[in-house]
Structures are given as C-alpha cells and as structure tokens.
>>> print(open('final_7.cif').read())   # mmCIF, C-alpha atoms and all ligand atoms
data_model
loop_
_atom_site.label_atom_id
_atom_site.label_comp_id
_atom_site.auth_asym_id
_atom_site.auth_seq_id
_atom_site.Cartn_x
_atom_site.Cartn_y
_atom_site.Cartn_z
CA MET U 1 3.94 -9.96 17.94
CA LYS U 2 4.33 -7.86 21.08
CA ASP U 3 8.06 -7.36 21.57
CA LEU U 4 8.90 -5.99 18.11
CA GLN U 5 11.85 -3.65 17.89
CA PRO U 6 12.47 -0.66 15.67
CA ILE U 7 14.58 -1.36 12.56
CA GLN U 8 17.52 0.42 14.32
CA LEU U 9 20.70 0.55 12.26
CA GLU U 10 23.82 2.32 13.40
CA GLY U 11 24.09 5.78 11.85
CA ILE U 12 20.38 5.96 11.04
CA LYS U 13 18.41 8.35 13.18
CA GLU U 14 15.54 6.97 15.17
CA ASN U 15 12.15 8.66 14.80
CA GLU U 16 12.93 9.80 11.28
CA PRO U 17 11.53 8.04 8.23
CA ILE U 18 13.98 5.48 6.81
CA VAL U 19 14.62 5.65 3.07
CA ILE U 20 15.73 2.58 1.14
CA ALA U 21 16.60 3.22 -2.51
CA GLY U 22 18.20 1.48 -5.45
CA PRO U 23 17.37 -0.20 -8.71
CA CYS U 24 14.61 -2.72 -9.20
CA SER U 25 17.28 -5.20 -10.32
CA ALA U 26 21.03 -5.47 -10.08
CA GLU U 27 21.96 -5.68 -13.78
CA THR U 28 25.70 -5.11 -14.11
CA GLU U 29 28.47 -4.32 -11.68
CA GLU U 30 28.86 -0.91 -13.22
CA GLN U 31 25.14 -0.05 -12.98
CA VAL U 32 25.03 -1.17 -9.33
CA LEU U 33 28.18 0.67 -8.24
CA ASP U 34 27.41 3.86 -10.14
CA THR U 35 23.79 4.04 -8.89
CA ALA U 36 24.94 3.31 -5.33
CA ALA U 37 27.68 5.97 -5.45
CA GLN U 38 25.19 8.59 -6.63
CA LEU U 39 22.60 7.63 -4.01
CA ALA U 40 25.26 7.72 -1.27
CA SER U 41 26.33 11.19 -2.41
CA TYR U 42 22.74 12.33 -1.73
CA GLY U 43 22.82 10.87 1.75
CA ILE U 44 20.86 7.66 1.12
CA LYS U 45 21.96 5.10 3.72
CA ILE U 46 20.32 1.88 2.55
CA PHE U 47 20.76 0.46 -0.94
CA ARG U 48 18.23 -1.93 -2.46
CA ALA U 49 18.68 -4.14 -5.51
CA GLY U 50 16.85 -7.27 -6.62
CA ILE U 51 19.27 -10.16 -7.25
CA TRP U 52 16.60 -12.79 -7.86
CA LYS U 53 13.61 -11.30 -9.67
CA PRO U 54 10.21 -12.93 -9.44
CA ARG U 55 8.59 -12.12 -12.77
CA THR U 56 4.98 -13.02 -13.40
CA LYS U 57 5.50 -13.68 -17.12
CA PRO U 58 8.31 -15.95 -18.35
CA GLY U 59 10.85 -14.37 -20.66
CA GLY U 60 11.41 -11.29 -18.51
CA PHE U 61 14.69 -10.56 -16.74
CA GLU U 62 14.87 -12.94 -13.79
CA GLY U 63 17.87 -11.42 -12.07
CA VAL U 64 21.62 -11.93 -12.21
CA GLY U 65 21.58 -14.32 -9.24
CA ALA U 66 24.42 -14.97 -6.80
CA PRO U 67 27.16 -13.03 -8.69
CA GLY U 68 25.18 -9.87 -7.92
CA LEU U 69 25.82 -10.43 -4.22
CA GLU U 70 29.50 -9.67 -4.86
CA TRP U 71 28.45 -6.28 -6.23
CA LEU U 72 26.43 -5.60 -3.08
CA LYS U 73 29.54 -6.37 -1.03
CA LYS U 74 31.40 -3.77 -3.08
CA VAL U 75 28.61 -1.24 -2.51
CA LYS U 76 29.15 -1.66 1.22
CA GLN U 77 32.91 -1.33 0.92
CA GLN U 78 32.86 1.64 -1.42
CA THR U 79 29.96 3.68 -0.01
CA GLY U 80 29.39 2.42 3.54
CA MET U 81 25.71 1.96 2.74
CA TYR U 82 23.66 -0.87 4.18
CA THR U 83 22.35 -3.30 1.56
CA ALA U 84 18.94 -4.90 1.12
CA THR U 85 17.71 -7.58 -1.24
CA GLU U 86 14.68 -9.78 -1.86
CA VAL U 87 14.68 -13.44 -0.87
CA ALA U 88 12.18 -16.06 -1.92
CA THR U 89 13.78 -19.44 -1.17
CA ARG U 90 16.00 -21.22 1.36
CA GLU U 91 19.00 -20.84 -0.95
CA HIS U 92 18.42 -17.09 -1.39
CA VAL U 93 18.35 -16.59 2.38
CA ARG U 94 21.51 -18.62 2.92
CA GLN U 95 23.43 -16.89 0.12
CA ALA U 96 22.28 -13.39 1.12
CA LEU U 97 23.25 -13.99 4.77
CA ASP U 98 26.63 -15.42 3.75
CA ALA U 99 27.24 -12.35 1.58
CA GLY U 100 26.55 -10.05 4.54
CA VAL U 101 23.38 -8.42 3.15
CA ASP U 102 22.01 -6.22 5.97
CA ILE U 103 18.26 -6.26 5.36
CA LEU U 104 16.10 -8.90 3.68
CA TRP U 105 12.72 -8.30 2.16
CA ILE U 106 10.12 -10.74 1.00
CA GLY U 107 8.28 -9.96 -2.21
CA ALA U 108 4.56 -9.75 -2.80
CA ARG U 109 4.34 -13.00 -4.74
CA THR U 110 6.22 -14.89 -2.02
CA SER U 111 4.31 -13.45 0.96
CA ALA U 112 1.11 -14.78 -0.65
CA ASN U 113 2.52 -18.31 -0.34
CA PRO U 114 2.55 -19.87 3.16
CA PHE U 115 4.86 -22.73 2.10
CA ALA U 116 7.50 -20.36 0.78
CA MET U 117 7.13 -18.15 3.85
CA GLN U 118 7.62 -21.11 6.18
CA GLU U 119 10.72 -22.21 4.26
CA ILE U 120 12.21 -18.72 4.59
CA ALA U 121 11.26 -18.57 8.28
CA ASP U 122 12.84 -21.99 8.96
CA THR U 123 16.06 -20.92 7.25
CA LEU U 124 16.20 -17.74 9.31
CA ALA U 125 15.55 -19.71 12.51
CA GLU U 126 18.31 -22.21 11.66
CA ALA U 127 20.73 -19.37 11.04
CA ALA U 128 19.62 -17.73 14.33
CA VAL U 129 20.35 -14.28 12.93
CA ASP U 130 19.18 -10.90 14.16
CA ILE U 131 18.59 -9.15 10.87
CA PRO U 132 15.81 -6.74 9.88
CA VAL U 133 13.24 -8.46 7.65
CA LEU U 134 10.56 -6.58 5.74
CA VAL U 135 7.51 -8.39 4.40
CA LYS U 136 5.65 -6.93 1.44
CA ASN U 137 1.91 -7.25 1.34
CA PRO U 138 0.69 -10.21 -0.70
CA VAL U 139 -0.48 -9.36 -4.23
CA ASN U 140 -4.09 -9.94 -3.21
CA PRO U 141 -5.77 -7.62 -0.70
CA ASP U 142 -5.86 -10.05 2.20
CA LEU U 143 -4.72 -8.63 5.53
CA GLU U 144 -4.83 -12.00 7.30
CA LEU U 145 -2.49 -13.49 4.69
CA TRP U 146 -0.07 -10.56 5.18
CA ILE U 147 -0.22 -10.93 8.98
CA GLY U 148 0.28 -14.69 8.63
CA ALA U 149 3.45 -14.10 6.61
CA LEU U 150 4.71 -11.61 9.22
CA GLN U 151 3.92 -14.02 12.05
CA ARG U 152 5.96 -16.81 10.46
CA ILE U 153 9.01 -14.52 10.37
CA TYR U 154 8.32 -13.36 13.93
CA ASN U 155 8.10 -16.99 15.07
CA ALA U 156 11.54 -17.54 13.54
CA GLY U 157 12.90 -15.13 16.17
CA ILE U 158 13.10 -11.99 14.04
CA ARG U 159 12.20 -8.91 16.13
CA ARG U 160 13.29 -6.15 13.77
CA LEU U 161 10.30 -6.95 11.61
CA GLY U 162 8.62 -4.49 9.27
CA ALA U 163 5.93 -4.43 6.61
CA ILE U 164 6.06 -2.92 3.13
CA HIS U 165 2.89 -1.64 1.51
CA ARG U 166 3.27 -2.05 -2.28
CA GLY U 167 -0.37 -2.02 -3.33
CA PHE U 168 -2.64 -4.82 -4.51
CA SER U 169 -3.17 -6.18 -7.97
CA THR U 170 -6.61 -5.90 -9.55
CA TYR U 171 -8.20 -6.77 -12.82
CA GLY U 172 -8.55 -4.04 -15.44
CA LYS U 173 -6.91 -0.71 -16.08
CA HIS U 174 -6.27 1.65 -13.19
CA LEU U 175 -4.36 4.80 -12.48
CA TYR U 176 -2.09 2.68 -10.30
CA ARG U 177 -0.12 -0.42 -11.21
CA ASN U 178 -1.18 -1.85 -7.85
CA VAL U 179 -4.08 -0.12 -6.13
CA PRO U 180 -3.11 1.21 -2.71
CA GLN U 181 -6.23 0.31 -0.67
CA TRP U 182 -4.73 2.36 2.17
CA HIS U 183 -7.23 1.03 4.69
CA ILE U 184 -5.39 -2.31 4.70
CA PRO U 185 -1.98 -1.03 5.92
CA ILE U 186 -3.84 1.30 8.29
CA GLU U 187 -5.67 -1.68 9.78
CA LEU U 188 -2.27 -3.41 10.13
CA ARG U 189 -0.96 -0.33 11.97
CA LEU U 190 -3.97 -0.37 14.32
CA ARG U 191 -3.42 -4.04 15.14
CA TYR U 192 0.37 -3.83 15.50
CA PRO U 193 1.22 -0.24 16.47
CA ASN U 194 4.89 -1.13 17.05
CA MET U 195 5.49 -2.58 13.62
CA PRO U 196 7.29 -0.19 11.24
CA ILE U 197 5.48 0.17 7.93
CA PHE U 198 7.24 1.22 4.74
CA CYS U 199 5.58 2.42 1.57
CA ASP U 200 6.78 1.34 -1.87
CA PRO U 201 5.42 4.11 -4.12
CA SER U 202 7.30 2.70 -7.12
CA HIS U 203 5.32 -0.55 -7.25
CA ILE U 204 2.03 1.07 -6.21
CA GLY U 205 2.21 3.76 -8.89
CA GLY U 206 4.14 1.99 -11.62
CA LYS U 207 4.97 5.45 -13.00
CA ARG U 208 7.68 7.95 -12.14
CA GLU U 209 5.26 10.82 -11.72
CA LEU U 210 3.37 9.01 -8.96
CA VAL U 211 6.42 8.46 -6.74
CA ALA U 212 6.26 11.92 -5.10
CA PRO U 213 2.51 12.12 -4.39
CA LEU U 214 2.35 8.55 -3.09
CA SER U 215 5.37 9.13 -0.84
CA GLN U 216 3.75 12.25 0.58
CA GLN U 217 0.53 10.37 1.19
CA ALA U 218 2.47 7.69 3.06
CA TYR U 219 4.21 10.28 5.24
CA ASP U 220 0.88 11.97 5.92
CA MET U 221 -0.47 8.64 7.12
CA GLY U 222 2.46 8.18 9.50
CA PHE U 223 4.38 5.48 7.60
CA ASN U 224 7.87 4.90 8.99
CA GLY U 225 9.79 4.82 5.74
CA LEU U 226 9.93 4.47 1.99
CA ILE U 227 11.46 1.98 -0.41
CA ILE U 228 11.91 3.61 -3.80
CA GLU U 229 13.34 2.30 -7.05
CA SER U 230 16.18 4.41 -8.39
CA HIS U 231 18.45 3.62 -11.35
CA ASN U 232 21.36 5.52 -12.90
CA CYS U 233 19.58 5.25 -16.27
CA PRO U 234 15.89 4.52 -15.64
CA ASP U 235 14.98 4.27 -19.32
CA CYS U 236 17.63 1.58 -19.84
CA ALA U 237 16.46 -0.52 -16.86
CA TRP U 238 16.01 -4.24 -17.50
CA SER U 239 12.94 -4.36 -15.26
CA ASP U 240 10.31 -1.81 -14.13
CA ALA U 241 11.81 0.98 -16.28
CA SER U 242 8.73 3.22 -16.19
CA GLN U 243 8.67 3.54 -12.41
CA GLN U 244 12.36 4.16 -11.67
CA VAL U 245 13.84 7.61 -11.08
CA THR U 246 17.43 8.82 -11.23
CA PRO U 247 19.21 9.38 -7.91
CA GLU U 248 19.10 13.10 -8.67
CA ILE U 249 15.31 13.10 -9.11
CA LEU U 250 14.95 10.93 -6.02
CA ASN U 251 16.92 13.48 -4.03
CA PHE U 252 14.69 16.25 -5.37
CA ILE U 253 11.53 14.29 -4.47
CA LEU U 254 12.77 13.56 -0.96
CA HIS U 255 13.46 17.25 -0.39
CA THR U 256 9.94 18.23 -1.44
CA LEU U 257 8.29 15.81 0.99
CA VAL U 258 6.82 17.25 4.17
CA ILE U 259 7.28 15.16 7.28
CA ARG U 260 4.46 16.07 9.64
CA ASP U 261 5.29 16.43 13.29
CA SER U 262 3.26 13.87 15.19
CA HIS U 263 3.89 15.79 18.43
CA GLN U 264 2.27 18.95 17.08
CA SER U 265 -0.55 20.51 19.05
CA THR U 266 -3.78 18.68 18.40
CA GLU U 267 -5.81 21.88 18.37
CA ASN U 268 -6.24 21.96 14.60
CA LEU U 269 -7.13 18.31 14.60
CA THR U 270 -9.88 18.89 17.18
CA LEU U 271 -11.33 21.65 15.02
CA LEU U 272 -11.25 19.51 11.92
CA ARG U 273 -12.89 16.64 13.77
CA GLN U 274 -15.68 18.94 14.92
CA GLN U 275 -16.28 19.81 11.29
CA ILE U 276 -16.40 16.13 10.40
CA ASP U 277 -18.97 15.51 13.18
CA GLN U 278 -21.07 18.34 11.80
CA VAL U 279 -20.88 17.07 8.22
CA ASP U 280 -21.76 13.53 9.34
CA ASN U 281 -24.89 14.86 11.05
CA GLU U 282 -25.84 16.69 7.88
CA ILE U 283 -25.34 13.51 5.84
CA LEU U 284 -27.60 11.55 8.22
CA GLU U 285 -30.27 14.25 8.12
CA ALA U 286 -30.15 14.33 4.32
CA LEU U 287 -30.43 10.53 4.21
CA SER U 288 -33.38 10.54 6.55
CA LYS U 289 -35.09 13.16 4.36
CA ARG U 290 -34.42 11.00 1.31
CA MET U 291 -35.98 7.98 3.01
CA ARG U 292 -39.09 10.01 3.94
CA ILE U 293 -39.52 10.99 0.28
CA SER U 294 -38.96 7.38 -0.75
CA ARG U 295 -41.79 6.30 1.53
CA GLU U 296 -44.06 8.94 -0.03
CA ILE U 297 -43.18 7.53 -3.45
CA GLY U 298 -43.94 4.08 -2.06
CA GLN U 299 -47.38 5.32 -1.01
CA TYR U 300 -47.97 6.72 -4.51
CA LYS U 301 -46.89 3.47 -6.17
CA LYS U 302 -49.16 1.52 -3.86
CA GLU U 303 -52.17 3.66 -4.72
CA HIS U 304 -51.42 3.36 -8.43
CA ARG U 305 -50.53 -0.35 -8.28
CA MET U 306 -47.03 0.28 -9.64
CA PRO U 307 -44.01 -2.00 -8.98
CA VAL U 308 -41.43 -0.71 -6.48
CA LEU U 309 -38.41 -1.21 -8.70
CA GLN U 310 -38.19 0.54 -12.06
CA ALA U 311 -34.99 -0.45 -13.82
CA ASN U 312 -34.65 2.65 -16.02
CA ARG U 313 -35.06 5.01 -13.15
CA TYR U 314 -32.59 3.02 -11.07
CA ASN U 315 -29.94 3.02 -13.84
CA ASP U 316 -30.41 6.75 -14.38
CA VAL U 317 -30.05 7.52 -10.70
CA ILE U 318 -26.81 5.56 -10.37
CA ARG U 319 -25.32 6.86 -13.64
CA THR U 320 -26.02 10.55 -13.07
CA ARG U 321 -24.95 10.54 -9.39
CA VAL U 322 -21.74 8.61 -10.11
CA LYS U 323 -20.88 11.14 -12.80
CA LEU U 324 -21.58 14.06 -10.50
CA GLY U 325 -19.63 12.49 -7.65
CA GLU U 326 -16.67 11.80 -9.96
CA GLU U 327 -16.62 15.49 -10.81
CA MET U 328 -16.38 16.11 -7.08
CA ALA U 329 -13.20 13.98 -6.92
CA MET U 330 -14.66 10.81 -5.43
CA SER U 331 -13.82 7.36 -6.73
CA THR U 332 -16.25 5.46 -8.93
CA GLU U 333 -16.07 2.38 -6.68
CA PHE U 334 -16.94 4.40 -3.59
CA LEU U 335 -19.81 6.20 -5.33
CA LYS U 336 -21.28 3.01 -6.72
CA SER U 337 -21.17 1.21 -3.39
CA ILE U 338 -22.69 4.07 -1.40
CA LEU U 339 -25.43 4.77 -3.96
CA LEU U 340 -26.27 1.12 -4.16
CA ALA U 341 -26.60 0.93 -0.38
CA ILE U 342 -28.82 4.03 -0.30
CA HIS U 343 -30.97 2.68 -3.06
CA GLU U 344 -31.35 -0.67 -1.33
CA GLU U 345 -32.53 1.02 1.85
CA SER U 346 -35.02 3.17 -0.14
CA VAL U 347 -36.45 0.03 -1.77
CA ARG U 348 -36.69 -1.64 1.62
CA GLN U 349 -38.61 1.34 3.01
CA GLN U 350 -40.99 1.39 0.02
CA ILE U 351 -41.69 -2.32 0.47
CA GLU U 352 -42.54 -1.62 4.11
CA VAL U 353 -45.05 1.01 2.90
CA LEU U 354 -46.54 -1.49 0.45
CA ASN U 355 -46.95 -3.94 3.30
CA ASP U 356 -48.39 -1.22 5.51
CA ARG U 357 -45.55 -1.45 7.99
CA ALA U 358 -44.23 2.04 7.49
CA ARG U 359 -43.01 3.71 10.65
C1 LIG P 401 10.64 -5.37 -6.22
O1 LIG P 401 10.68 -4.79 -5.13
O2 LIG P 401 11.40 -5.15 -7.17
C2 LIG P 401 9.54 -6.34 -6.44
C3 LIG P 401 9.64 -7.37 -7.25
O3 LIG P 401 8.44 -5.98 -5.77
P1 LIG P 401 7.04 -6.71 -5.51
O4 LIG P 401 7.34 -7.96 -4.77
O5 LIG P 401 6.37 -5.68 -4.67
O6 LIG P 401 6.37 -6.91 -6.83
MN MN P 402 10.60 -3.63 -9.30
#
>>> encode(input="final_7.cif", output="structure tokens")
Amino acid sequence: MKDLQPIQLEGIKENEPIVIAGPCSAETEEQVLDTAAQLASYGIKIFRAGIWKPRTKPGGFEGVGAPGLEWLKKVKQQTGMYTATEVATREHVRQALDAGVDILWIGARTSANPFAMQEIADTLAEAAVDIPVLVKNPVNPDLELWIGALQRIYNAGIRRLGAIHRGFSTYGKHLYRNVPQWHIPIELRLRYPNMPIFCDPSHIGGKRELVAPLSQQAYDMGFNGLIIESHNCPDCAWSDASQQVTPEILNFILHTLVIRDSHQSTENLTLLRQQIDQVDNEILEALSKRMRISREIGQYKKEHRMPVLQANRYNDVIRTRVKLGEEMAMSTEFLKSILLAIHEESVRQQIEVLNDRAR
C-alpha cells in the first residue's frame, strides 16, 4: 500500500485534522436535517449517519435503510456538507454510490469478516470509483486482520484509504466500551506512515464524558482526524444514546482540543527522552538489585531445605504491588504482567542457586 493519497476533499484544508460528525443512525428526515444544519453552522464539513446499522443483538434499531439516502442528498443540497455512511454489503455500496455519498466507511463487525470485505472490494472495483474509504478496526484486537481488510480495499483501486480506530471489544466491565489498545493503531501508523488514521472516541468511550479526553489523546498521538457521534437530541437517540453529544457540545469540545505542532522544535523532546533513558537505567539497576536479593533468598532456602515457590508469599507480593501501582495511576493489566515477569525471573534465578549454577 505504497501510493496512498491523503483524503483530500475540496474545501477541506490539508495538514489539519479532519472532523466527521453526525448521528450514530439516521432516524427521521427531520432529525438528520436539523442535526446537519446545526453541525454545518459550527463549521463541520463532513456529515456522518448510519443508514444500515449492524447491531450485535437482534431487536435493536437496524437502520432506516435506503430511504435515509434521500435525506443525505438533502443534507448535501441544504448545507453543502460532504456525507459519509457505513456499508456492509454489495447492495449498500451500490445504493450509497448511486445516491452520491462522498465517503464510505466499513464497520468493525464487517472488517472482521474477509468474505464481506472482499464483496465490498469487488463492488468498488466494478464501479471503478475514486472515493475515500475508511476501514474501522475489527472488533477483536488483531492488526493483521485490520491490515487485511485495508489491503482488500486498496486492491480494489482505492487510494484515498484511511483507517478508523474505534477500540476493541473485551470481556467484562471496563471504563471504556471498547478498550483503545493504542499500541495497535500506532503499529499500523509505523507500518503505513502515509495512511490517514481517524479516531472514533464515541465508540471507544461509549460515554459522552470520554469524547473530549479521548479526542485529545488521539491528537497527541498524531491521528489525522476524528469521527464523532453527534445528535440534535442525544437522549432521544435510537442507537448509542449515551455516547452522542449535541452539535453545540461537539463545537465546545473541538475548541478545547489542542492540536500539537509536529514541526515544533524537538529540543523539549530530546530533554524528555534523556529523562526516559535515565529512568530506564534506574529501573534496570533496581531489577538487578532485586535479582541479587532473590539469589540470596535462594541460598537461604537451599540451606534450610525450603521449596523455592511459596504460594502465600507470591499472592501477597502480587496483590500489594498491584494495589500500590494502581494508586500510582498504572493499569492493573500492566502491573500484573510486569510483576509476573519479574517474579518468574526471580524464581528462575533461585532455581539456578539451588542447582549451584548461580553467576
Ligand atoms: C457506527 O459508527 O455507528 C458503528 C456501528 O460503529 P462500529 O462499527 O465501530 O461499531
Ligand atoms: Mn454508533
């Protein structure tokens, strides 16, 4: 995917983050046109609305379907905004292209499915269109699956190709509706530096109050744009009510965001990196000290014919350190994995002592 092009739309400045906003779903003509008019009045240039809604559970609102495309046409006529919608099948692509939708995106459930992706890619290739296509990450945290979905669209001749990071689903209760796992989009950026990446803070957070901090985080990480759900009456929304914001709030959020200048002097960065180098050295020294003590304990256990592993002690160590680390604003998962790794290495060193192979 070497010759990718920027999303480039007339009237949208290059080198500035692109903002796409609109309701999760198109519900009624009035809701679509009123929301669009408000967003346009705040300077939003690209309007999103789901026409076909992939819902995990049956019985939810599955979208108004093709009649909603007529409302998107009216949005264009009345506000001059570009329009964007989600496609998941051959028919969706055909109907959206016929209706003059300007940007297509592929949802997280669809991008996880290579058959659906190939069907969409084939339809785009048949139509031989040059339209921006954005591919959301698959619901599961699998970078290769995401790249595979992007490649299918690229192979269909699409060059204005972008990715949308919308978080990954996990089992259990979390702060986020879909955990961000930022390292995955960052790895995508490292592999395809020319591919624009959007952040969807609405679906990551699942809550209104997380839209602003997640958007800022995305800008800080150099994302190229945002796709945010905005509804003229969020509490009345037929889908994803808790994560939608009014156009007015959206405008407020966008004005609070700080866009960092990537051309800024790198002096501060150099200083910060020197600090990181220093801290890393300290961490390694502390670890080496810990291992030396572990070996001394190993020697003691050997002399007293004690087993290396004592379950109570191990559980206490993990529990107390995780608690302490949580108080220092580190995630439980991170703390558990690092403490487990340290403990494993300590055990390995003690076993070496027992076997008289200590260095
Ligand atoms: C959406 O954008 O409304 C949507 C259904 O998103 P996702 O595919 O990320 O769940
Ligand atoms: Mn939604």
>>> closest_residue(input="final_7.cif", among="U:Thr246, U:Gln299, U:Gln349, U:Asn232", to="Glu30 of chain U", atoms="all atoms listed in the file")
U:Asn232
>>> atom_distance(input="final_7.cif", atom1="atom CA of Val32 of chain U", atom2="atom CA of His231 of chain U")
8.4 Å
>>> closest_atom_pairs(input="final_7.cif", of="chain U", to="ligand MN 402 (chain P)", cutoff="7 Å", atoms="only C-alpha atoms and all ligand atoms", output="CSV")
residue,atom,partner,partner_atom,distance
U:Cys24,CA,P:MN402,MN,4.1
U:Ser25,CA,P:MN402,MN,6.9
U:His203,CA,P:MN402,MN,6.4
U:Glu229,CA,P:MN402,MN,6.9
U:Ser239,CA,P:MN402,MN,6.4
U:Asp240,CA,P:MN402,MN,5.2
>>> residues_near_point(input="final_7.cif", point="(13.8, 3.5, -10.3)", cutoff="12 Å", atoms="only C-alpha atoms", output="VMD selection string")
chain U and resid 20 to 26 35 39 48 to 50 200 to 203 205 to 211 227 to 250
>>> closest_residue(input="final_7.cif", among="U:Gln95, U:Ser169, U:Ser41, U:Asn155", to="ligand LIG 401 (chain P)", atoms="all atoms listed in the file")
U:Ser169
>>> residues_around(input="final_7.cif", residues="Phe115 of chain U", least_positions_apart="5", cutoff="12 Å", atoms="all atoms listed in the file", output="ChimeraX atom specification")
/U:88-90,109-110,120-122,148-149,152
>>> closest_residue(input="final_7.cif", among="U:Met117, U:Ile342, U:Ile46, U:Ala36", to="Gly11 of chain U", atoms="all atoms listed in the file")
U:Ile46
>>> residues_around(input="final_7.cif", residues="segment 257-262 of chain U", least_positions_apart="4", cutoff="10 Å", atoms="only C-alpha atoms", output="number ranges by chain")
U: 16-17, 212-213, 215-222, 252-253, 266
>>> axis_aligned_box(input="final_7.cif", around="ligand LIG 401 (chain P)", padding_each_side="3 Å", output="lines of an AutoDock Vina configuration file")
center_x = 8.9
center_y = -6.4
center_z = -6.0
size_x = 11.0
size_y = 9.2
size_z = 8.6
>>> closest_residue(input="final_7.cif", among="U:His343, U:Val135, U:Thr332, U:Ala128", to="Ala311 of chain U", atoms="all atoms listed in the file")
U:His343
>>> residues_around(input="final_7.cif", residues="Lys73 of chain U", least_positions_apart="2", cutoff="8 Å", atoms="all atoms listed in the file", output="list in words")
Leu69, Glu70, Trp71, Val75, Lys76, Gln77, Ala99, Gly100 and Val101 of chain U
>>> residues_near_point(input="final_7.cif", point="(-5.6, -8.0, 7.8)", cutoff="8 Å", atoms="all atoms listed in the file", output="JSON, numbers by chain")
{"U": [142, 143, 144, 145, 146, 147, 184, 187, 188]}
>>> write_last_selection(input="final_7.cif", atoms="C-alpha atoms", output="PDB file, keeping the file's coordinate frame")
ATOM      1  CA  ASP U 142      -5.860 -10.050   2.200  1.00  0.00           C
ATOM      2  CA  LEU U 143      -4.720  -8.630   5.530  1.00  0.00           C
ATOM      3  CA  GLU U 144      -4.830 -12.000   7.300  1.00  0.00           C
ATOM      4  CA  LEU U 145      -2.490 -13.490   4.690  1.00  0.00           C
ATOM      5  CA  TRP U 146      -0.070 -10.560   5.180  1.00  0.00           C
ATOM      6  CA  ILE U 147      -0.220 -10.930   8.980  1.00  0.00           C
ATOM      7  CA  ILE U 184      -5.390  -2.310   4.700  1.00  0.00           C
ATOM      8  CA  GLU U 187      -5.670  -1.680   9.780  1.00  0.00           C
ATOM      9  CA  LEU U 188      -2.270  -3.410  10.130  1.00  0.00           C
TER      10      LEU U 188
END
>>> closest_residue(input="final_7.cif", among="U:Ile12, U:Ile283, U:Ala108, U:Leu4", to="ligand LIG 401 (chain P)", atoms="all atoms listed in the file")
U:Ala108
>>> atom_distance(input="final_7.cif", atom1="atom CA of Tyr176 of chain U", atom2="atom CA of Asp34 of chain U")
29.5 Å
>>> atom_distance(input="final_7.cif", atom1="atom O5 of ligand LIG 401 (chain P)", atom2="atom CA of Leu9 of chain U")
23.0 Å
>>> decode(input="final_7.cif", residues="segment 226-262 of chain U", atoms="C-alpha atoms", output="PDB file, in the first residue's frame")
ATOM      1  CA  LEU U 226     -11.866  12.316  14.339  1.00  0.00           C
ATOM      2  CA  ILE U 227     -15.252  10.747  13.692  1.00  0.00           C
ATOM      3  CA  ILE U 228     -17.648  11.733  16.455  1.00  0.00           C
ATOM      4  CA  GLU U 229     -21.302  10.920  17.020  1.00  0.00           C
ATOM      5  CA  SER U 230     -23.479  13.995  17.381  1.00  0.00           C
ATOM      6  CA  HIS U 231     -27.288  14.122  17.571  1.00  0.00           C
ATOM      7  CA  ASN U 232     -29.721  17.025  17.907  1.00  0.00           C
ATOM      8  CA  CYS U 233     -31.247  15.233  20.911  1.00  0.00           C
ATOM      9  CA  PRO U 234     -28.724  12.676  22.215  1.00  0.00           C
ATOM     10  CA  ASP U 235     -31.009  11.335  24.937  1.00  0.00           C
ATOM     11  CA  CYS U 236     -33.711  10.552  22.361  1.00  0.00           C
ATOM     12  CA  ALA U 237     -31.300   8.702  20.022  1.00  0.00           C
ATOM     13  CA  TRP U 238     -32.476   5.327  18.728  1.00  0.00           C
ATOM     14  CA  SER U 239     -28.965   3.895  18.985  1.00  0.00           C
ATOM     15  CA  ASP U 240     -25.864   4.679  21.080  1.00  0.00           C
ATOM     16  CA  ALA U 241     -27.660   7.415  23.075  1.00  0.00           C
ATOM     17  CA  SER U 242     -25.144   7.519  25.935  1.00  0.00           C
ATOM     18  CA  GLN U 243     -22.183   8.390  23.732  1.00  0.00           C
ATOM     19  CA  GLN U 244     -23.699  11.081  21.499  1.00  0.00           C
ATOM     20  CA  VAL U 245     -23.257  14.809  22.098  1.00  0.00           C
ATOM     21  CA  THR U 246     -25.228  17.774  20.801  1.00  0.00           C
ATOM     22  CA  PRO U 247     -23.665  19.797  17.974  1.00  0.00           C
ATOM     23  CA  GLU U 248     -23.202  22.617  20.476  1.00  0.00           C
ATOM     24  CA  ILE U 249     -21.236  20.424  22.888  1.00  0.00           C
ATOM     25  CA  LEU U 250     -19.261  18.997  19.995  1.00  0.00           C
ATOM     26  CA  ASN U 251     -18.294  22.506  18.955  1.00  0.00           C
ATOM     27  CA  PHE U 252     -17.231  23.266  22.521  1.00  0.00           C
ATOM     28  CA  ILE U 253     -15.147  20.070  22.702  1.00  0.00           C
ATOM     29  CA  LEU U 254     -13.445  20.765  19.384  1.00  0.00           C
ATOM     30  CA  HIS U 255     -12.473  24.242  20.573  1.00  0.00           C
ATOM     31  CA  THR U 256     -10.886  22.883  23.746  1.00  0.00           C
ATOM     32  CA  LEU U 257      -8.682  20.419  21.859  1.00  0.00           C
ATOM     33  CA  VAL U 258      -5.034  21.300  21.422  1.00  0.00           C
ATOM     34  CA  ILE U 259      -3.511  20.401  18.084  1.00  0.00           C
ATOM     35  CA  ARG U 260       0.211  19.964  18.652  1.00  0.00           C
ATOM     36  CA  ASP U 261       2.551  21.337  16.053  1.00  0.00           C
ATOM     37  CA  SER U 262       4.533  18.456  14.649  1.00  0.00           C
TER      38      SER U 262
END
